[in-house]
Structure formats: C-alpha cells, structure tokens
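Participant: This one is target_37.csv, CSV, C-alpha atoms and all ligand atoms.
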```csv
chain,number,residue,atom,x,y,z
A,59,MET,CA,118.4,78.2,150.5
A,60,PHE,CA,115.5,75.8,150.7
A,61,HIS,CA,116.0,72.2,149.6
A,62,MET,CA,115.0,71.4,146.1
A,63,PRO,CA,114.7,67.8,144.8
A,64,LYS,CA,117.3,66.9,142.2
A,65,PHE,CA,114.8,66.3,139.4
A,66,GLU,CA,113.2,69.7,139.9
A,67,LYS,CA,116.6,71.3,139.6
A,68,ILE,CA,117.2,69.4,136.4
A,69,TRP,CA,113.9,70.4,134.9
A,70,LEU,CA,114.3,74.0,136.1
A,71,ALA,CA,117.7,74.1,134.4
A,72,ILE,CA,116.3,72.6,131.2
A,73,GLY,CA,113.4,75.1,131.2
A,74,THR,CA,115.7,78.1,131.9
A,75,GLY,CA,118.2,76.8,129.3
A,76,SER,CA,115.6,76.5,126.5
A,77,LEU,CA,114.2,79.9,127.3
A,78,VAL,CA,117.7,81.5,127.0
A,79,LEU,CA,118.3,79.5,123.8
A,80,PHE,CA,115.0,80.7,122.4
A,81,LEU,CA,115.7,84.3,123.2
A,82,LEU,CA,119.2,84.0,121.7
A,83,VAL,CA,117.9,82.4,118.5
A,84,THR,CA,115.2,85.0,118.0
A,85,GLY,CA,117.5,87.8,118.9
A,86,VAL,CA,120.2,86.7,116.5
A,87,MET,CA,117.6,86.1,113.8
A,88,ALA,CA,116.1,89.5,114.3
A,89,VAL,CA,119.4,91.2,114.1
A,90,ALA,CA,120.5,89.1,111.1
A,91,MET,CA,117.3,89.8,109.2
A,92,GLY,CA,117.2,93.5,110.1
A,93,LEU,CA,114.3,93.2,112.5
A,94,ASN,CA,111.8,93.2,109.7
A,95,PRO,CA,109.0,90.8,109.1
A,96,PRO,CA,108.9,89.5,105.6
A,97,ASP,CA,107.0,91.1,102.6
A,98,GLY,CA,109.3,94.0,101.9
A,99,LEU,CA,108.5,96.2,104.8
A,100,ALA,CA,111.4,98.5,104.3
A,101,THR,CA,109.4,101.7,104.0
A,102,THR,CA,108.3,103.2,107.2
A,103,ILE,CA,105.5,105.7,108.1
A,104,GLU,CA,104.2,107.2,111.4
A,105,PRO,CA,101.3,104.9,112.3
A,106,ASP,CA,99.3,107.5,114.2
A,107,GLN,CA,99.5,110.0,111.3
A,108,VAL,CA,99.0,107.7,108.3
A,109,GLU,CA,95.8,109.4,107.3
A,110,ALA,CA,97.5,112.8,107.1
A,111,GLN,CA,100.3,111.4,104.9
A,112,ALA,CA,100.4,110.6,101.2
A,113,PRO,CA,99.5,108.2,99.9
A,114,PHE,CA,97.3,107.1,102.7
A,115,ASP,CA,95.5,110.5,102.9
A,116,HIS,CA,93.8,109.3,99.7
A,117,PRO,CA,93.5,105.6,99.8
A,118,GLY,CA,92.0,104.0,96.7
A,119,LEU,CA,92.7,102.6,93.3
A,120,GLU,CA,94.7,104.6,90.8
A,121,GLN,CA,95.5,103.6,87.2
A,122,ILE,CA,99.2,104.2,86.6
A,123,GLY,CA,99.6,102.6,83.1
A,124,PRO,CA,98.0,100.3,80.6
A,125,ASN,CA,96.7,97.4,82.7
A,126,GLU,CA,98.6,98.7,85.7
A,127,TYR,CA,97.0,100.0,88.9
A,128,LYS,CA,98.2,101.1,92.3
A,129,ALA,CA,96.0,100.0,95.2
A,130,THR,CA,96.6,102.1,98.3
A,131,ILE,CA,94.8,100.4,101.1
A,132,LEU,CA,94.6,101.5,104.7
A,133,SER,CA,93.7,98.7,107.2
A,134,TYR,CA,92.2,99.2,110.6
A,135,ALA,CA,90.3,97.3,113.2
A,136,PHE,CA,88.2,95.9,111.6
A,137,GLY,CA,88.3,96.7,107.9
A,138,TYR,CA,90.0,98.0,104.8
A,139,ASP,CA,89.7,101.4,103.1
A,140,PRO,CA,88.8,100.8,100.3
A,141,ASN,CA,87.3,97.4,100.8
A,142,THR,CA,86.3,96.8,97.2
A,143,ILE,CA,88.6,97.1,94.1
A,144,THR,CA,87.4,96.7,90.6
A,145,ILE,CA,89.9,96.0,87.8
A,146,PRO,CA,89.8,94.7,84.2
A,147,VAL,CA,91.1,91.2,83.7
A,148,GLY,CA,94.9,91.0,83.0
A,149,SER,CA,95.6,94.0,85.3
A,150,THR,CA,98.6,94.1,87.5
A,151,VAL,CA,97.9,95.6,90.9
A,152,HIS,CA,100.7,97.2,92.9
A,153,PHE,CA,99.5,96.9,96.5
A,154,GLU,CA,100.6,99.5,99.0
A,155,VAL,CA,99.1,98.8,102.3
A,156,THR,CA,99.6,99.9,105.9
A,157,THR,CA,97.7,99.8,109.2
A,158,LYS,CA,96.6,102.7,111.4
A,159,ASP,CA,96.3,100.7,114.6
A,160,VAL,CA,97.4,97.1,115.3
A,161,VAL,CA,98.9,94.3,113.2
A,162,HIS,CA,96.7,93.1,110.4
A,163,GLY,CA,97.2,91.0,107.4
A,164,LEU,CA,96.1,91.0,103.8
A,165,HIS,CA,95.8,87.7,102.1
A,166,VAL,CA,94.2,86.9,98.7
A,167,PRO,CA,93.5,83.1,99.0
A,168,GLY,CA,94.7,81.2,96.0
A,169,THR,CA,97.3,83.8,95.1
A,170,PRO,CA,100.8,84.7,96.4
A,171,THR,CA,99.5,88.0,97.8
A,172,ASN,CA,100.1,87.6,101.5
A,173,LEU,CA,101.0,90.7,103.4
A,174,MET,CA,101.6,91.3,107.0
A,175,LEU,CA,100.6,94.8,108.0
A,176,VAL,CA,102.7,96.2,110.8
A,177,PRO,CA,102.1,99.6,112.3
A,178,GLY,CA,104.8,102.0,110.9
A,179,HIS,CA,105.5,100.0,107.8
A,180,ILE,CA,104.2,100.0,104.3
A,181,ALA,CA,103.8,96.6,102.8
A,182,GLU,CA,104.1,96.3,99.0
A,183,TYR,CA,103.3,93.5,96.6
A,184,SER,CA,102.5,93.3,92.9
A,185,GLN,CA,100.0,90.7,91.6
A,186,THR,CA,98.6,90.2,88.1
A,187,PHE,CA,95.0,89.0,87.9
A,188,ASN,CA,94.6,86.9,84.7
A,189,GLU,CA,91.3,85.2,85.7
A,190,PRO,CA,88.0,87.1,85.8
A,191,GLY,CA,86.0,86.7,89.0
A,192,GLU,CA,85.7,87.8,92.5
A,193,PHE,CA,88.6,87.4,94.9
A,194,LEU,CA,88.3,87.9,98.6
A,195,PHE,CA,91.1,89.5,100.5
A,196,LEU,CA,91.1,88.9,104.2
A,197,CYS,CA,93.0,89.6,107.4
A,198,HIS,CA,95.0,86.6,108.5
A,199,GLU,CA,96.6,88.1,111.6
A,200,TYR,CA,94.5,87.8,114.7
A,201,CYS,CA,93.7,91.4,115.6
A,202,GLY,CA,90.8,91.3,118.0
A,203,ILE,CA,87.1,90.6,118.3
A,204,GLY,CA,86.2,91.7,114.7
A,205,HIS,CA,89.1,89.8,113.1
A,206,GLU,CA,86.8,87.3,111.4
A,207,LEU,CA,84.8,90.1,109.8
A,208,MET,CA,87.8,91.9,108.3
A,209,TYR,CA,87.8,91.3,104.6
A,210,GLY,CA,87.4,93.0,101.2
A,211,LYS,CA,86.9,92.1,97.6
A,212,ILE,CA,88.8,92.3,94.3
A,213,ILE,CA,86.4,92.2,91.3
A,214,VAL,CA,88.3,91.2,88.1
A,215,GLU,CA,86.0,92.1,85.2
A,216,ASP,CA,86.1,90.3,81.9
A,301,LIG,CU1,92.7,92.5,111.2
A,301,LIG,CU2,92.7,90.2,111.9
```
Kindly return the structure encoded in the file as structure tokens.
Facilitator:
Amino acid sequence: MFHMPKFEKIWLAIGTGSLVLFLLVTGVMAVAMGLNPPDGLATTIEPDQVEAQAPFDHPGLEQIGPNEYKATILSYAFGYDPNTITIPVGSTVHFEVTTKDVVHGLHVPGTPTNLMLVPGHIAEYSQTFNEPGEFLFLCHEYCGIGHELMYGKIIVED
C-alpha cells in the first residue's frame, strides 16, 4: 500500500461517498417512480419494429370526432413523420408519438406540450389549440448532429 496524503484520502472518501449517494438516490427514485420518464410513457412498443406496427405503420393526422384529432407522429434522427399538421382552430389534438431510433423530444413552445420520446415507449398528450397561427414543434433532447434541424409545424387555421 503506497502512502497517500491525508487530505487526498479525505477527498477520495468524499468523492466516492457522493458517487455512492448519487447512485442510491437515482436508483431509489427509478424504482419508486417505476423507471419511467415523465409524460405518461406507460405504453411500450418494439423500437426497431415501430414502422410495422399500428399506429406507426400509418403515421399522420386522423379526425376522431368533432374538433378532435389524433396525431400519430414517428420521430427519427433528424425529423418527424409527419412534420406538418393542419387543424382548424379550437381543435384538440391527441398526440401519440414514438421514436424509431434514439431519444428525441417534442416540444411546442408556449404550450404545455412537452414530450420525451424514448425508444420503446409511446408518449401521449392532448392539447387544444384555441389560437389560429403557426406553431413550431421541435426536438428538445440532444440527439446528434442534426438535432438543431429537427422540427415540424402545426398550422391552426381560422
Ligand atoms: Cu431529435 Cu434532438
């Protein structure tokens, strides 16, 4: 055993101790929270087969009621399919989104729509668009070189 100065030992102990504490805290939180990121990701799907499975074999916008739409969106590096959605003002959009490769996000700035897209999970959120205009949705999880170019558009028509 080589000699180690006292302060190095103390700092090493503090470093090791905080690492162990961090791992404990994240581990306990993961178990307590069911290992799921937020945004209602309870539904699972095989990430490498998403395009063969409903509803992601036919991504797009579907009217499911008066002023109600289901938006099935498949994200990938580096884009969304579809990347433009057009709805009448006052519509409620039920987003159903997944990724076929790495972690992405779908955020509509200025609205509560803020989804984390994790491979194997379907993220769901419903949002009513009461103002006409164009809303960007963009990837807010760093996903690689094309991250900054990963966005789409929601057109709310008057
Ligand atoms: Cu996809 Cu960042």
Participant: Need to verify the contact set: A:His198, 8 Å, only C-alpha atoms, exclusion of same-chain residues closer than 5 positions in sequence. Can you return it as a list in words?
Facilitator: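 Contacts, in chain order: His162, Gly163, Leu164 and His165 of chain A.
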Participant: Near A:His152, counting all atoms listed in the file, which residues have an atom at most 9 Å away, once you skip same-chain residues fewer than 6 positions from it, shown as a list of chain:residue names?
Facilitator: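 Within the cut-off, the hits are A:Glu126, A:Tyr127, A:Lys128, A:Ala129, A:Thr130, A:Glu182, A:Tyr183, A:Ser184, A:Gln185, A:Thr186.
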Participant: Counting all atoms listed in the file, which protein, DNA or RNA residues come within 6 Å of ligand LIG 301 (chain A), given as a list of chain:residue names?
Facilitator: A:Ala135, A:Phe136, A:His162, A:Cys197, A:His198, A:Glu199, A:Tyr200, A:Cys201, A:His205, A:Met208
Participant: Just to confirm, what's the straight-line distance from atom CA of A:Pro105 to atom CA of A:Ile212 in Å (one decimal)?
Facilitator: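 Computing it gives 25.3 Å between the two atoms.
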Participant: What is the distance, in Å and to one decimal place, between atom CA of A:Thr169 and atom CA of A:Tyr209?
Facilitator: 15.4 Å
Participant: Mind pulling up the distance from atom CA of A:His179 to atom CA of A:Thr101?
Facilitator: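 Distance reported for this atom pair: 5.7 Å.
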Participant: Determine, counting only C-alpha atoms, which protein, DNA and RNA residues have an atom within 7 Å of an atom of A:Tyr138; residues of the same chain fewer than 6 positions away are not included. Present the result as a list in words.
Facilitator: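 Residues near the query, excluding close chain neighbours: Ile131, Leu132 and Gly210 of chain A.
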Participant: Please identify all polymer residues lying at most 7 Å from the point (102.2, 100.8, 105.5) (file coordinates), using all atoms listed in the file, and present the result as an mmCIF file with C-alpha atoms, in the frame of the given file.
Facilitator:
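After the write, selection_39.cif holds the following:
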```cif
data_model
loop_
_atom_site.group_PDB
_atom_site.id
_atom_site.type_symbol
_atom_site.label_atom_id
_atom_site.label_comp_id
_atom_site.auth_asym_id
_atom_site.auth_seq_id
_atom_site.Cartn_x
_atom_site.Cartn_y
_atom_site.Cartn_z
ATOM 1 C CA THR A 102 108.300 103.200 107.200
ATOM 2 C CA ILE A 103 105.500 105.700 108.100
ATOM 3 C CA GLU A 154 100.600 99.500 99.000
ATOM 4 C CA VAL A 155 99.100 98.800 102.300
ATOM 5 C CA THR A 156 99.600 99.900 105.900
ATOM 6 C CA THR A 157 97.700 99.800 109.200
ATOM 7 C CA LEU A 175 100.600 94.800 108.000
ATOM 8 C CA PRO A 177 102.100 99.600 112.300
ATOM 9 C CA GLY A 178 104.800 102.000 110.900
ATOM 10 C CA HIS A 179 105.500 100.000 107.800
ATOM 11 C CA ILE A 180 104.200 100.000 104.300
ATOM 12 C CA ALA A 181 103.800 96.600 102.800
#
```
Participant: Could you tell me which of A:Glu206, A:Asp115, A:Asp106, A:Glu215 comes closest to A:Gly137 if we count all atoms listed in the file?
Facilitator: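 For A:Gly137, the nearest of the candidates is A:Glu206.
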Participant: Which of these, A:Ser76, A:Asn125, A:Ser133, A:Gln111, has the shortest distance to A:Leu173 once you count all atoms listed in the file?
Facilitator: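 Distance minimum relative to A:Leu173 lands on A:Ser133.
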Participant: I need the residue nearest A:Glu189 from this list: A:Ile68, A:Ile145, A:Met62, A:Val214. Use all atoms listed in the file for the distance.
Facilitator: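 Among the listed residues, the smallest separation from A:Glu189 belongs to A:Val214.
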